[in-house]
Structure formats: structure tokens, C-alpha cells
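Q: My structure is stored as run.cif, with mmCIF, C-alpha atoms.
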```
data_upload
loop_
_atom_site.label_atom_id
_atom_site.label_comp_id
_atom_site.auth_asym_id
_atom_site.auth_seq_id
_atom_site.Cartn_x
_atom_site.Cartn_y
_atom_site.Cartn_z
CA MET A 117 11.35 -35.64 -17.73
CA THR A 118 11.34 -32.57 -19.99
CA GLY A 119 8.88 -34.39 -22.26
CA SER A 120 6.37 -35.01 -19.45
CA SER A 121 3.16 -33.01 -19.23
CA ASP A 122 2.58 -30.71 -16.25
CA LEU A 123 0.10 -33.14 -14.77
CA GLU A 124 2.52 -36.05 -15.15
CA LEU A 125 5.15 -34.02 -13.29
CA VAL A 126 2.70 -33.35 -10.47
CA GLU A 127 1.82 -37.04 -10.26
CA LEU A 128 5.48 -37.97 -10.19
CA PHE A 129 6.06 -35.50 -7.36
CA GLN A 130 3.13 -36.92 -5.44
CA LYS A 131 4.77 -40.33 -5.73
CA GLY A 132 7.95 -38.96 -4.19
CA ASN A 133 9.94 -37.87 -7.24
CA GLU A 134 11.56 -34.60 -6.08
CA ALA A 135 13.20 -33.93 -9.44
CA SER A 136 9.80 -33.35 -11.05
CA PHE A 137 9.42 -30.23 -8.91
CA ASN A 138 12.71 -28.94 -10.34
CA GLU A 139 11.34 -29.39 -13.84
CA LEU A 140 8.16 -27.47 -12.95
CA VAL A 141 10.29 -24.61 -11.62
CA ARG A 142 12.40 -24.53 -14.76
CA ARG A 143 9.31 -24.68 -16.96
CA TYR A 144 7.43 -21.82 -15.31
CA GLN A 145 10.03 -19.61 -13.65
CA GLU A 146 10.22 -17.11 -16.47
CA LYS A 147 6.44 -16.80 -16.86
CA ILE A 148 5.98 -16.36 -13.14
CA TYR A 149 8.80 -13.86 -12.96
CA TRP A 150 7.18 -11.69 -15.62
CA ILE A 151 3.73 -11.76 -14.04
CA ALA A 152 5.31 -10.82 -10.71
CA HIS A 153 7.36 -8.08 -12.29
CA ARG A 154 4.31 -6.58 -13.96
CA PHE A 155 2.63 -6.37 -10.58
CA VAL A 156 5.51 -4.79 -8.68
CA SER A 157 7.69 -3.20 -11.40
CA ASP A 158 10.84 -4.08 -9.55
CA HIS A 159 13.31 -6.91 -10.05
CA ASP A 160 14.07 -7.67 -6.39
CA LYS A 161 10.44 -7.67 -5.37
CA ALA A 162 9.53 -9.82 -8.35
CA ASP A 163 12.30 -12.20 -7.36
CA ASP A 164 10.88 -12.44 -3.81
CA ILE A 165 7.47 -13.26 -5.25
CA VAL A 166 8.92 -15.96 -7.51
CA GLN A 167 10.63 -17.58 -4.53
CA GLU A 168 7.49 -17.40 -2.41
CA VAL A 169 5.33 -18.83 -5.20
CA PHE A 170 7.54 -21.88 -5.65
CA ILE A 171 7.74 -22.47 -1.91
CA LYS A 172 3.94 -22.41 -1.74
CA VAL A 173 3.73 -24.64 -4.80
CA TYR A 174 6.10 -27.14 -3.21
CA SER A 175 4.01 -27.22 -0.03
CA ALA A 176 0.71 -27.56 -1.90
CA LEU A 177 1.69 -29.93 -4.71
CA LYS A 178 0.82 -33.01 -2.70
CA GLN A 179 -2.76 -31.73 -2.38
CA PHE A 180 -3.15 -30.80 -6.06
CA ARG A 181 -6.14 -32.71 -7.41
CA GLY A 182 -6.20 -31.48 -10.98
CA GLU A 183 -9.42 -29.49 -10.65
CA SER A 184 -7.83 -26.86 -12.85
CA SER A 185 -4.84 -27.05 -15.16
CA VAL A 186 -1.44 -26.87 -13.48
CA TYR A 187 -0.61 -23.52 -15.01
CA THR A 188 -3.97 -21.98 -14.02
CA TRP A 189 -3.23 -23.14 -10.49
CA LEU A 190 0.30 -21.70 -10.66
CA TYR A 191 -1.02 -18.39 -11.98
CA ARG A 192 -3.59 -18.26 -9.20
CA ILE A 193 -0.88 -18.72 -6.58
CA THR A 194 1.28 -16.11 -8.32
CA VAL A 195 -1.51 -13.53 -8.44
CA ASN A 196 -2.36 -14.13 -4.78
CA VAL A 197 1.26 -13.85 -3.67
CA ALA A 198 1.77 -10.72 -5.79
CA LEU A 199 -1.39 -9.04 -4.47
CA ASN A 200 -0.39 -9.93 -0.90
CA ALA A 201 3.06 -8.45 -1.52
CA LEU A 202 1.43 -5.23 -2.73
CA ARG A 203 -0.76 -5.07 0.37
CA LYS A 204 2.22 -5.63 2.65
CA GLN A 205 4.11 -2.98 0.75
CA ARG A 206 1.25 -0.56 1.40
CA ILE A 207 1.48 -1.29 5.13
CA ARG A 208 5.20 -0.62 5.11
CA ASP A 209 4.78 2.52 3.05
CA PHE A 210 2.04 3.67 5.40
CA ILE A 211 4.30 3.30 8.42
CA ARG A 212 7.28 4.82 6.66
CA ILE A 213 5.61 7.84 5.18
CA ASP A 214 3.45 8.72 8.15
CA GLU A 215 5.74 7.98 11.01
CA PHE A 216 9.39 7.86 10.17
CA PHE A 217 10.61 8.75 6.79
CA GLU A 218 10.53 12.17 5.26
CA THR A 219 9.81 10.99 1.74
CA ALA A 220 9.55 7.71 0.00
CA ASP A 221 12.47 7.93 -2.39
CA ASP A 222 12.67 5.81 -5.44
CA VAL A 223 13.02 2.52 -3.62
CA ASN A 224 12.21 0.57 -6.74
CA GLU A 225 15.44 1.36 -8.47
CA GLN A 226 18.17 -0.92 -7.22
CA PRO A 227 21.77 -0.18 -8.14
CA ASP A 228 22.18 -3.65 -9.55
CA ALA A 229 18.89 -3.57 -11.44
CA ILE A 230 19.05 -5.66 -14.52
CA PHE A 231 16.52 -3.55 -16.36
CA GLU A 232 17.17 -0.73 -18.66
CA LYS A 233 13.94 1.19 -18.74
CA ASN A 234 13.10 3.92 -21.10
CA GLU A 235 10.88 6.78 -20.00
CA GLN A 236 7.86 5.37 -21.76
CA GLN A 237 8.27 2.06 -19.99
CA LYS A 238 8.48 3.78 -16.63
CA LEU A 239 5.31 5.69 -17.41
CA ILE A 240 3.46 2.51 -18.30
CA GLU A 241 4.66 0.81 -15.13
CA GLU A 242 3.51 3.77 -13.07
CA ALA A 243 0.12 3.68 -14.77
CA ILE A 244 -0.27 -0.04 -14.03
CA THR A 245 0.90 0.46 -10.44
CA LYS A 246 -1.87 2.98 -9.87
CA LEU A 247 -4.65 0.63 -10.96
CA PRO A 248 -6.85 -1.00 -8.33
CA ASP A 249 -5.64 -4.53 -7.57
CA LYS A 250 -8.41 -6.31 -9.43
CA GLN A 251 -8.03 -4.24 -12.59
CA LYS A 252 -4.27 -4.64 -12.39
CA ALA A 253 -4.55 -8.43 -12.21
CA VAL A 254 -7.06 -8.60 -15.07
CA PHE A 255 -4.96 -6.31 -17.26
CA ILE A 256 -1.77 -8.30 -16.68
CA LEU A 257 -3.40 -11.66 -17.29
CA ARG A 258 -5.37 -10.57 -20.34
CA TYR A 259 -3.12 -8.07 -22.09
CA HIS A 260 0.32 -9.42 -21.27
CA GLU A 261 -0.30 -13.09 -20.61
CA GLU A 262 -3.07 -13.34 -23.22
CA LEU A 263 -5.09 -15.76 -21.12
CA PRO A 264 -8.67 -16.59 -22.15
CA TYR A 265 -11.36 -15.05 -19.95
CA GLU A 266 -12.45 -18.52 -18.83
CA GLU A 267 -9.06 -19.12 -17.23
CA ILE A 268 -8.78 -15.65 -15.74
CA SER A 269 -12.23 -16.25 -14.30
CA GLN A 270 -10.93 -19.38 -12.56
CA ILE A 271 -7.84 -17.59 -11.30
CA LEU A 272 -9.57 -14.48 -9.97
CA LYS A 273 -12.95 -16.04 -9.14
CA THR A 274 -14.77 -13.36 -11.09
CA SER A 275 -17.47 -13.57 -13.76
CA ILE A 276 -16.43 -13.07 -17.36
CA GLY A 277 -18.66 -9.98 -17.62
CA GLY A 278 -16.90 -8.51 -14.60
CA LEU A 279 -13.50 -9.30 -16.10
CA LYS A 280 -14.35 -7.57 -19.38
CA ALA A 281 -15.50 -4.48 -17.51
CA ASN A 282 -12.31 -4.47 -15.42
CA TYR A 283 -10.17 -4.91 -18.53
CA PHE A 284 -11.81 -2.00 -20.32
CA HIS A 285 -11.52 0.34 -17.32
CA ALA A 286 -7.90 -0.68 -16.70
CA ALA A 287 -6.90 0.01 -20.32
CA LYS A 288 -8.76 3.34 -20.27
CA LYS A 289 -7.03 4.43 -17.07
CA ILE A 290 -3.61 3.48 -18.40
CA GLY A 291 -4.29 5.46 -21.57
CA ASP A 292 -5.56 8.47 -19.62
CA TYR A 293 -2.52 8.39 -17.34
CA ILE A 294 -0.07 8.28 -20.24
CA HIS A 295 -1.97 10.98 -22.11
CA ARG A 296 -1.99 13.28 -19.07
CA ALA A 297 1.72 12.71 -18.47
CA HIS A 298 2.53 13.58 -22.08
CA ARG A 299 0.47 16.74 -21.93
CA THR A 300 2.12 17.83 -18.68
CA HIS A 301 5.51 17.20 -20.27
CA GLU A 302 4.60 19.33 -23.27
CA LEU A 303 3.45 22.31 -21.16
CA MET B 270 -34.30 1.83 -30.10
CA ARG B 271 -31.63 1.70 -27.40
CA THR B 272 -28.16 0.80 -28.65
CA GLU B 273 -26.00 -1.53 -26.56
CA HIS B 274 -22.49 -0.13 -26.38
CA MET B 275 -19.61 -2.49 -26.92
CA ASN B 276 -16.96 -0.83 -24.73
CA TYR B 277 -16.03 -4.06 -23.01
CA ASP B 278 -15.09 -5.81 -26.27
CA LEU B 279 -13.05 -2.96 -27.68
CA MET B 280 -9.68 -3.79 -26.13
CA ASP B 281 -9.97 -7.35 -27.42
CA TYR B 282 -10.89 -5.94 -30.81
CA VAL B 283 -7.82 -3.67 -30.74
CA THR B 284 -5.54 -6.56 -29.82
CA ASN B 285 -7.19 -8.88 -32.32
CA ARG B 286 -8.47 -11.40 -29.81
CA LEU B 287 -12.06 -11.67 -30.93
CA THR B 288 -13.56 -14.42 -33.03
CA GLU B 289 -14.44 -13.56 -36.62
CA GLN B 290 -18.11 -13.25 -35.71
CA GLU B 291 -17.42 -11.01 -32.71
CA ARG B 292 -15.07 -8.85 -34.75
CA LYS B 293 -17.69 -8.26 -37.45
CA ARG B 294 -20.26 -7.35 -34.80
CA VAL B 295 -17.92 -4.77 -33.27
CA GLU B 296 -17.04 -3.29 -36.68
CA LYS B 297 -20.70 -2.92 -37.57
CA HIS B 298 -21.37 -1.23 -34.25
CA LEU B 299 -18.44 1.17 -34.63
CA GLN B 300 -19.85 2.46 -37.92
CA ASN B 301 -22.85 3.88 -36.07
CA CYS B 302 -21.61 4.65 -32.54
CA VAL B 303 -19.64 7.83 -31.92
CA GLN B 304 -19.00 7.04 -28.27
CA CYS B 305 -17.54 3.59 -28.87
CA THR B 306 -15.49 4.92 -31.78
CA ALA B 307 -13.96 7.51 -29.45
CA HIS B 308 -13.12 4.77 -26.94
CA TYR B 309 -11.71 2.62 -29.72
CA ASN B 310 -9.37 5.42 -30.87
CA GLU B 311 -8.11 5.95 -27.32
CA LEU B 312 -7.56 2.25 -26.73
CA LYS B 313 -5.81 1.87 -30.07
CA ALA B 314 -3.42 4.69 -29.13
CA THR B 315 -2.79 3.09 -25.71
CA ASP B 316 -2.07 -0.27 -27.32
CA THR B 317 0.42 1.36 -29.69
CA VAL B 318 2.28 2.94 -26.75
CA LEU B 319 2.26 -0.33 -24.83
CA LYS B 320 3.62 -2.23 -27.82
CA GLN B 321 6.42 0.29 -28.37
CA SER B 322 7.67 0.10 -24.81
CA HIS B 323 10.28 -2.45 -24.06
CA SER B 324 12.08 -3.69 -21.00
CA ALA B 325 14.83 -6.22 -21.24
CA GLY B 326 14.39 -9.06 -18.78
CA PRO B 327 16.95 -10.84 -16.66
CA THR B 328 19.47 -13.09 -18.32
CA HIS B 329 19.54 -16.89 -18.13
CA VAL B 330 22.09 -16.51 -15.31
CA TYR B 331 19.37 -15.12 -13.06
CA TYR B 332 16.92 -17.90 -13.93
CA ALA B 333 19.59 -20.47 -13.13
CA THR B 334 19.71 -19.17 -9.54
CA ILE B 335 15.99 -19.54 -8.82
CA LEU B 336 15.81 -23.26 -8.16
CA PRO B 337 18.85 -23.48 -5.83
CA ARG B 338 17.54 -20.55 -3.78
CA VAL B 339 14.04 -22.04 -3.55
CA ARG B 340 15.58 -25.31 -2.38
CA GLU B 341 17.71 -23.47 0.16
CA ARG B 342 14.69 -21.63 1.57
CA LEU B 343 12.68 -24.85 1.75
CA VAL B 344 15.44 -26.45 3.81
CA SER B 345 15.73 -23.41 6.09
CA ARG B 346 11.95 -23.26 6.60
CA ARG B 347 11.87 -26.91 7.54
CA ARG B 348 14.63 -26.21 10.04
CA SER B 349 12.81 -23.24 11.57
CA VAL B 350 9.57 -25.22 11.94
CA TRP B 351 11.62 -27.87 13.73
CA ASP B 352 13.18 -25.21 15.98
CA TYR B 353 9.75 -23.77 16.72
CA SER B 354 8.30 -27.13 17.66
CA ASN B 355 11.29 -27.68 19.95
CA ASN B 356 10.83 -24.38 21.75
CA PRO B 357 8.18 -25.05 24.41
CA ALA B 358 7.89 -21.39 25.44
CA LYS B 359 6.38 -20.44 22.12
CA ILE B 360 3.65 -23.00 22.50
CA ILE B 361 3.09 -23.05 26.24
CA LEU B 362 2.20 -19.38 26.71
CA PRO B 363 -0.76 -19.27 24.32
CA LEU B 364 -1.89 -22.67 25.57
CA ALA B 365 -1.65 -21.49 29.18
CA VAL B 366 -3.70 -18.37 28.46
CA SER B 367 -6.30 -20.42 26.60
CA ALA B 368 -6.42 -22.98 29.42
CA LEU B 369 -6.90 -20.26 32.02
CA LEU B 370 -9.75 -18.79 30.03
CA LEU B 371 -11.30 -22.20 29.64
CA ILE B 372 -11.13 -22.75 33.40
CA PHE B 373 -12.91 -19.46 33.86
CA LEU B 374 -15.59 -20.29 31.36
CA ILE B 375 -16.24 -23.63 33.05
CA ARG B 376 -15.97 -22.61 36.67
CA ILE B 377 -17.38 -19.12 36.80
CA PRO B 378 -21.16 -18.67 36.98
CA THR B 379 -22.11 -16.30 34.19
CA ASP B 380 -24.49 -14.24 36.32
CA SER B 381 -21.91 -13.57 38.97
CA TYR B 382 -19.37 -10.87 38.62
CA SER B 383 -17.74 -7.99 40.41
CA ASP B 384 -16.94 -4.53 39.20
CA SER B 385 -13.52 -4.70 40.73
CA ALA B 386 -10.53 -2.71 39.58
CA GLN B 387 -8.99 -6.01 38.53
CA ALA B 388 -11.79 -6.61 36.08
CA ASP B 389 -11.28 -3.15 34.67
CA ALA B 390 -7.55 -3.83 34.40
CA LEU B 391 -8.21 -7.03 32.51
CA HIS B 392 -10.69 -5.35 30.25
CA GLN B 393 -8.21 -2.60 29.50
CA ALA B 394 -5.35 -5.04 28.98
CA VAL B 395 -7.40 -6.99 26.47
CA LYS B 396 -8.43 -3.77 24.77
CA ASP B 397 -4.83 -2.61 24.53
CA PHE B 398 -3.70 -6.09 23.84
CA ASN B 399 -0.81 -6.12 26.20
CA GLU B 400 -0.04 -9.78 26.46
CA ASP B 401 1.83 -9.64 29.77
CA GLU B 402 -0.93 -7.63 31.41
CA VAL B 403 -3.60 -9.98 30.09
CA VAL B 404 -1.87 -12.94 31.68
CA LEU B 405 -1.24 -11.03 34.92
CA ALA B 406 -4.78 -9.76 35.11
CA ILE B 407 -6.23 -13.21 34.48
CA GLU B 408 -4.00 -14.66 37.18
CA LYS B 409 -5.10 -11.99 39.64
CA GLU B 410 -8.72 -12.55 38.76
CA TYR B 411 -8.29 -16.24 39.35
CA ALA B 412 -6.42 -15.84 42.63
CA GLY B 413 -8.90 -13.29 43.97
CA ALA B 414 -11.90 -15.31 42.86
CA ALA B 415 -13.30 -12.13 41.43
CA PHE B 416 -15.26 -12.41 38.27
CA PHE B 417 -14.74 -10.58 35.10
CA PRO B 418 -17.89 -9.19 33.51
CA ASN B 419 -16.62 -9.29 29.94
CA LEU B 420 -14.94 -12.63 29.84
CA GLU B 421 -16.06 -13.15 26.26
CA VAL B 422 -14.17 -10.02 25.31
CA ALA B 423 -11.03 -11.45 26.87
CA ALA B 424 -11.55 -14.76 25.15
CA SER B 425 -12.06 -13.19 21.75
CA GLY B 426 -9.10 -10.87 22.33
CA VAL B 427 -6.84 -13.79 23.04
CA ALA B 428 -8.30 -15.75 20.14
CA GLU B 429 -7.58 -12.88 17.81
CA HIS B 430 -4.11 -12.64 19.24
CA LEU B 431 -3.52 -16.27 18.45
CA GLN B 432 -4.53 -15.57 14.87
CA GLY B 433 -1.84 -12.98 14.69
CA ASP B 434 -3.42 -9.77 13.41
CA LYS B 435 -3.90 -8.05 16.78
CA PHE B 436 -0.42 -9.09 17.72
CA LEU B 437 0.92 -7.43 14.63
CA LYS B 438 -1.03 -4.27 15.30
CA SER B 439 0.24 -4.22 18.85
CA ALA B 440 3.79 -4.93 17.77
CA VAL B 441 3.69 -2.20 15.15
CA SER B 442 2.33 0.27 17.69
CA LYS B 443 5.04 -0.65 20.15
CA GLN B 444 7.70 -0.23 17.54
CA ILE B 445 6.31 3.12 16.56
CA GLU B 446 6.33 4.20 20.20
CA ASN B 447 9.90 3.09 20.59
CA GLU B 448 10.85 4.78 17.37
CA GLU B 449 12.47 1.63 16.20
CA ILE B 450 11.28 -0.08 13.12
CA ALA B 451 12.42 -3.58 12.49
CA GLU B 452 11.04 -4.17 9.05
CA MET B 453 12.09 -7.76 8.95
CA ASP B 454 10.22 -8.52 12.17
CA ILE B 455 7.06 -7.01 10.80
CA GLU B 456 7.51 -8.84 7.55
CA GLY B 457 7.91 -12.08 9.45
CA MET B 458 4.82 -11.38 11.50
CA ILE B 459 2.63 -10.60 8.53
CA SER B 460 3.95 -13.34 6.32
CA ASP B 461 1.43 -15.83 7.64
CA LEU B 462 -1.60 -13.56 7.42
CA ASN B 463 -4.13 -14.01 4.71
CA ALA B 464 -5.28 -11.13 2.50
CA GLU B 465 -8.29 -10.34 4.69
CA GLN B 466 -6.17 -10.13 7.84
CA VAL B 467 -3.66 -7.88 6.11
CA ASP B 468 -6.54 -5.59 5.11
CA GLN B 469 -7.71 -5.56 8.74
CA VAL B 470 -4.27 -4.54 9.91
CA LEU B 471 -4.12 -1.87 7.26
CA SER B 472 -7.46 -0.41 8.28
CA GLY B 473 -6.41 -0.70 11.94
CA LEU B 474 -3.33 1.32 11.25
CA SER B 475 -5.39 3.89 9.33
CA GLU B 476 -7.71 4.28 12.30
CA ARG B 477 -4.79 4.64 14.62
CA ASN B 478 -3.34 7.33 12.42
CA ARG B 479 -6.61 9.28 12.47
CA ILE B 480 -6.56 9.25 16.27
#
```
Could you render the structure as C-alpha cells?
A:
Amino acid sequence: MTGSSDLELVELFQKGNEASFNELVRRYQEKIYWIAHRFVSDHDKADDIVQEVFIKVYSALKQFRGESSVYTWLYRITVNVALNALRKQRIRDFIRIDEFFETADDVNEQPDAIFEKNEQQKLIEEAITKLPDKQKAVFILRYHEELPYEEISQILKTSIGGLKANYFHAAKKIGDYIHRAHRTHEL
Amino acid sequence: MRTEHMNYDLMDYVTNRLTEQERKRVEKHLQNCVQCTAHYNELKATDTVLKQSHSAGPTHVYYATILPRVRERLVSRRRSVWDYSNNPAKIILPLAVSALLLIFLIRIPTDSYSDSAQADALHQAVKDFNEDEVVLAIEKEYAGAAFFPNLEVAASGVAEHLQGDKFLKSAVSKQIENEEIAEMDIEGMISDLNAEQVDQVLSGLSERNRI
């Protein structure tokens, strides 16, 4: 089954072969994990997104008609789940900060975090976190995932011109943020 | 002659993702455009920083746990859907409210209404979205044969409730009032909302905060 194409795996699943879903998970889990992690900058949250994506994929696989490639479809689900997770996080933060909790402490850092982040990495993650959702998604898919604009356009339902503008502004903002942080550090 | 800037191609130029033809076009433009050259230098510096940064990902042990946990959650979801479909109370209440509203819509002449306190109570209950009071007020209305002037409001209130977002807003408000936050409950409630509904809830909460 490892030699089968993505589409063949989907067709097998649609015919009742459950094991083909397992192969899809194994094939894409790392990719999806990294996209999720770039959105949320946190291992546990990224893990939640990965789980949610595959549960949605499992539920929707029967309806997959091959209108886009399997991985474009998977990326679309991942981006939607990640953006939804960010929105829900904002709701929770809103309630916490305004109503109950004195400060939002560094909830992203779990004691059992697998990551060892250097300062520069943290700064970059902060810069990406502060981007508007659309710019964030475009930056992750173009810079990190190196997807062609045509595919990002299918995933985000945005024109290629719009994507290029978003990509430029995202990269500029990240650069400005890092530059400002370095200057503050120097002062 | 007006020069077209090439800002939007610069990041792809920096990361070497342009075709040969596009790359030559950008290089030619950069020779004559101070503004784009400044952007290019900034983006080049950003790319260098991004490339230097490094975070080590999870090990293969983590990836080996994904599939079993997905399978486990799929089984548990199937079980909870089964439990839900076997719990009549969860289905009967919304159906009963909808049925009552339908009876009203069919039986009550639209030009006939009273300005009774009951109507006001119903209106208020729908506005506040207190589910118990909505049901009670509708029952009273029905028993008293009094007519509610804003039945459409009630209907749309209940319809929105059935979609979930008003219910979430109400539940969040109640939890805030009680000074008890059950994050998991809220998470469960919002898990079925689409992005637009989540945005509505968020803006609802913002409004509430302003008040």
C-alpha cells in the first residue's frame, strides 16, 4: 500500500479499505504537524490540530471527488482547522484576560515540550503569531511549505495577485518586528 | 513614464522561486528602483534570519502515537453520537419549542395581538435567550390565547439557538456571572461552529464587554 498514489488510497478507502486511511495518516502526519505548529507555535495545540484534521479527513474521505489533489485538500482542511483553533483561542483569551485571570502567562510553554527554541526562533514565532490570519496562512504555505501560488489559491480561495500582496506584507511585517526587537534589545 | 514597482515578486526573488525570465525582469528593475531595492535588502535580511533559526521537531515516537489516538477519538465520537441519539431529552426540547412556534404561526392571525405582560416577558426571554423562560412564556401565551406581537423574533431567536451561537453566548455569560469557567464545556460548545459563527460570538462578547 505504501506504493499507492494518494488518489488510489482514497479510492481504496471509499471501497471500504480502512487500512488505506492509516497510510494517508502516516504519509502526511509530519507535514500537517508542521503547518499546524507554524500557526500556533505550540506542540500541544499543534497536536490537537493534527488530531482534528485527521478526524475531519476520515469523515469527509467518502465524499472526496478528486476536484483538487489529495494534498491540496488536506492542506485546506489543515489551514481551516488551524485558523478555527486560533479564533477559539482568541475567545478563550478574551474571557480569561478580561474577566478572570490577572495576566496571560506563558501558556505556550509546556513542561514536557519537545522543542528547544533559541531566542531567535521565539522572536520569529512571535512575529508570525502577530500577523493577520490571511497573511499568516499565505506566509506559512509559501515560505515554509513552498507551495505554488496556484495551489495556495485553491486552498485559501484567493486570487494569485492577492496572495502575492499578502506574502510581501507578511514578510515585511516579520522583518520589521524582528528589527524592532533587536533594536530594543540593544538599547 | 510611470514605473511599476515589483514589491510583490521580491520575496520570491530572495528565495529563488522565480522563473529565469521573471528573475531577469526583477534584476533589471532593481537596477533603477531605489524603493524596491530598499525592500529587497530588508527582505533579504529577514530571509537570512529565518533561515538561521532552527527548532527541532518531535521524534518518531510522537508520530507513532498519532494514528492510534485518531482511531481512539473516532471510536469515542461514534459512541457519543450514539449516546446522543439515544437521549430523547436532547432532541425533544428543541423539537417541542419549534413545534409550539409552528402551531402559533399556523393558528394565530397575524393582525391580532395583545400588548400583554406575557408578550413582553416572551420578548424579553427571547432577547436574553433564557431557554427555560422562552418555553414557559410560549406555554403561557398558548394557554392564555394571548398573541405575541413579535413572534418572528421568537422564531428567529429559537432558530439561532438551534444553530448554537446564541446558546454559546448565553452559556458564556452565565458562566461569567457564576464566576465559574468550564473551559472544556465552552470548547465542546464551539467545536461545531463554523468560522463565521465563531466570529459572531467573538464580536458578541466584545459588545458585551463594552457594555
Q: Restricting the calculation to all atoms listed in the file: of B:Gln321, B:Ser367, B:Gln290, B:Thr315, which residue gets closest to chain A?
A: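 Looking only at the distances to chain A, the closest residue turns out to be B:Thr315.
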Q: Counting all atoms listed in the file, note down every residue that has an atom within 12 Å of the point (10.7, -9.5, -7.0) (file coordinates), as number ranges by chain.
A: A: 148-169, 194, 197-198, 201-202, 224-226, 229-230; B: 327, 331, 335
Q: What does the structure give for the distance between atom CA of A:Ala243 and atom CA of A:Gly291, in Å to one decimal?
A: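 Computed distance, atom CA of A:Ala243 to atom CA of A:Gly291, equals 8.3 Å.
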Q: Measuring between all atoms listed in the file, which one of A:His301, A:Lys280, A:Arg192, A:His285 shows the shortest distance to chain B?
A: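 For chain B, the nearest of the candidates is A:Lys280.
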Q: Please evaluate the PyMOL selection byres ((chain A and resi 190) around 12) against the structure above and give the resulting residues as a PDB file with C-alpha atoms, keeping the file's coordinate frame.
A:
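Resulting contents of expr_39.pdb:
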```
ATOM      1  CA  ASP A 122       2.580 -30.710 -16.250  1.00  0.00           C
ATOM      2  CA  VAL A 126       2.700 -33.350 -10.470  1.00  0.00           C
ATOM      3  CA  LEU A 140       8.160 -27.470 -12.950  1.00  0.00           C
ATOM      4  CA  VAL A 141      10.290 -24.610 -11.620  1.00  0.00           C
ATOM      5  CA  ARG A 143       9.310 -24.680 -16.960  1.00  0.00           C
ATOM      6  CA  TYR A 144       7.430 -21.820 -15.310  1.00  0.00           C
ATOM      7  CA  GLN A 145      10.030 -19.610 -13.650  1.00  0.00           C
ATOM      8  CA  LYS A 147       6.440 -16.800 -16.860  1.00  0.00           C
ATOM      9  CA  ILE A 148       5.980 -16.360 -13.140  1.00  0.00           C
ATOM     10  CA  TYR A 149       8.800 -13.860 -12.960  1.00  0.00           C
ATOM     11  CA  ILE A 151       3.730 -11.760 -14.040  1.00  0.00           C
ATOM     12  CA  ALA A 152       5.310 -10.820 -10.710  1.00  0.00           C
ATOM     13  CA  VAL A 166       8.920 -15.960  -7.510  1.00  0.00           C
ATOM     14  CA  GLU A 168       7.490 -17.400  -2.410  1.00  0.00           C
ATOM     15  CA  VAL A 169       5.330 -18.830  -5.200  1.00  0.00           C
ATOM     16  CA  PHE A 170       7.540 -21.880  -5.650  1.00  0.00           C
ATOM     17  CA  ILE A 171       7.740 -22.470  -1.910  1.00  0.00           C
ATOM     18  CA  LYS A 172       3.940 -22.410  -1.740  1.00  0.00           C
ATOM     19  CA  VAL A 173       3.730 -24.640  -4.800  1.00  0.00           C
ATOM     20  CA  TYR A 174       6.100 -27.140  -3.210  1.00  0.00           C
ATOM     21  CA  ALA A 176       0.710 -27.560  -1.900  1.00  0.00           C
ATOM     22  CA  LEU A 177       1.690 -29.930  -4.710  1.00  0.00           C
ATOM     23  CA  PHE A 180      -3.150 -30.800  -6.060  1.00  0.00           C
ATOM     24  CA  GLY A 182      -6.200 -31.480 -10.980  1.00  0.00           C
ATOM     25  CA  SER A 184      -7.830 -26.860 -12.850  1.00  0.00           C
ATOM     26  CA  SER A 185      -4.840 -27.050 -15.160  1.00  0.00           C
ATOM     27  CA  VAL A 186      -1.440 -26.870 -13.480  1.00  0.00           C
ATOM     28  CA  TYR A 187      -0.610 -23.520 -15.010  1.00  0.00           C
ATOM     29  CA  THR A 188      -3.970 -21.980 -14.020  1.00  0.00           C
ATOM     30  CA  TRP A 189      -3.230 -23.140 -10.490  1.00  0.00           C
ATOM     31  CA  TYR A 191      -1.020 -18.390 -11.980  1.00  0.00           C
ATOM     32  CA  ARG A 192      -3.590 -18.260  -9.200  1.00  0.00           C
ATOM     33  CA  ILE A 193      -0.880 -18.720  -6.580  1.00  0.00           C
ATOM     34  CA  THR A 194       1.280 -16.110  -8.320  1.00  0.00           C
ATOM     35  CA  VAL A 195      -1.510 -13.530  -8.440  1.00  0.00           C
ATOM     36  CA  ASN A 196      -2.360 -14.130  -4.780  1.00  0.00           C
ATOM     37  CA  VAL A 197       1.260 -13.850  -3.670  1.00  0.00           C
ATOM     38  CA  GLU A 267      -9.060 -19.120 -17.230  1.00  0.00           C
ATOM     39  CA  GLN A 270     -10.930 -19.380 -12.560  1.00  0.00           C
ATOM     40  CA  ILE A 271      -7.840 -17.590 -11.300  1.00  0.00           C
TER      41      ILE A 271
END
```
Q: Find the residues around A:Ala297 up to 12 Å (all atoms listed in the file counted), leave out those fewer than 2 positions away in its own chain, and share them as a ChimeraX atom specification.
A: /A:235-236,238-240,242-243,290-295,299-303
Q: Counting all atoms listed in the file, find residues at most 10 Å from (7.0, -1.6, -25.0) (file frame) and give them as a ChimeraX atom specification.
A: /A:233-234,236-237,240 /B:316-325
Q: Suppose a student applies the PyMOL selection byres ((chain A and resi 249) around 10) to this structure; what residues should they get, written as an MDAnalysis selection string?
A: chainID A and resid 155 195 198:199 202:203 244:248 250:255
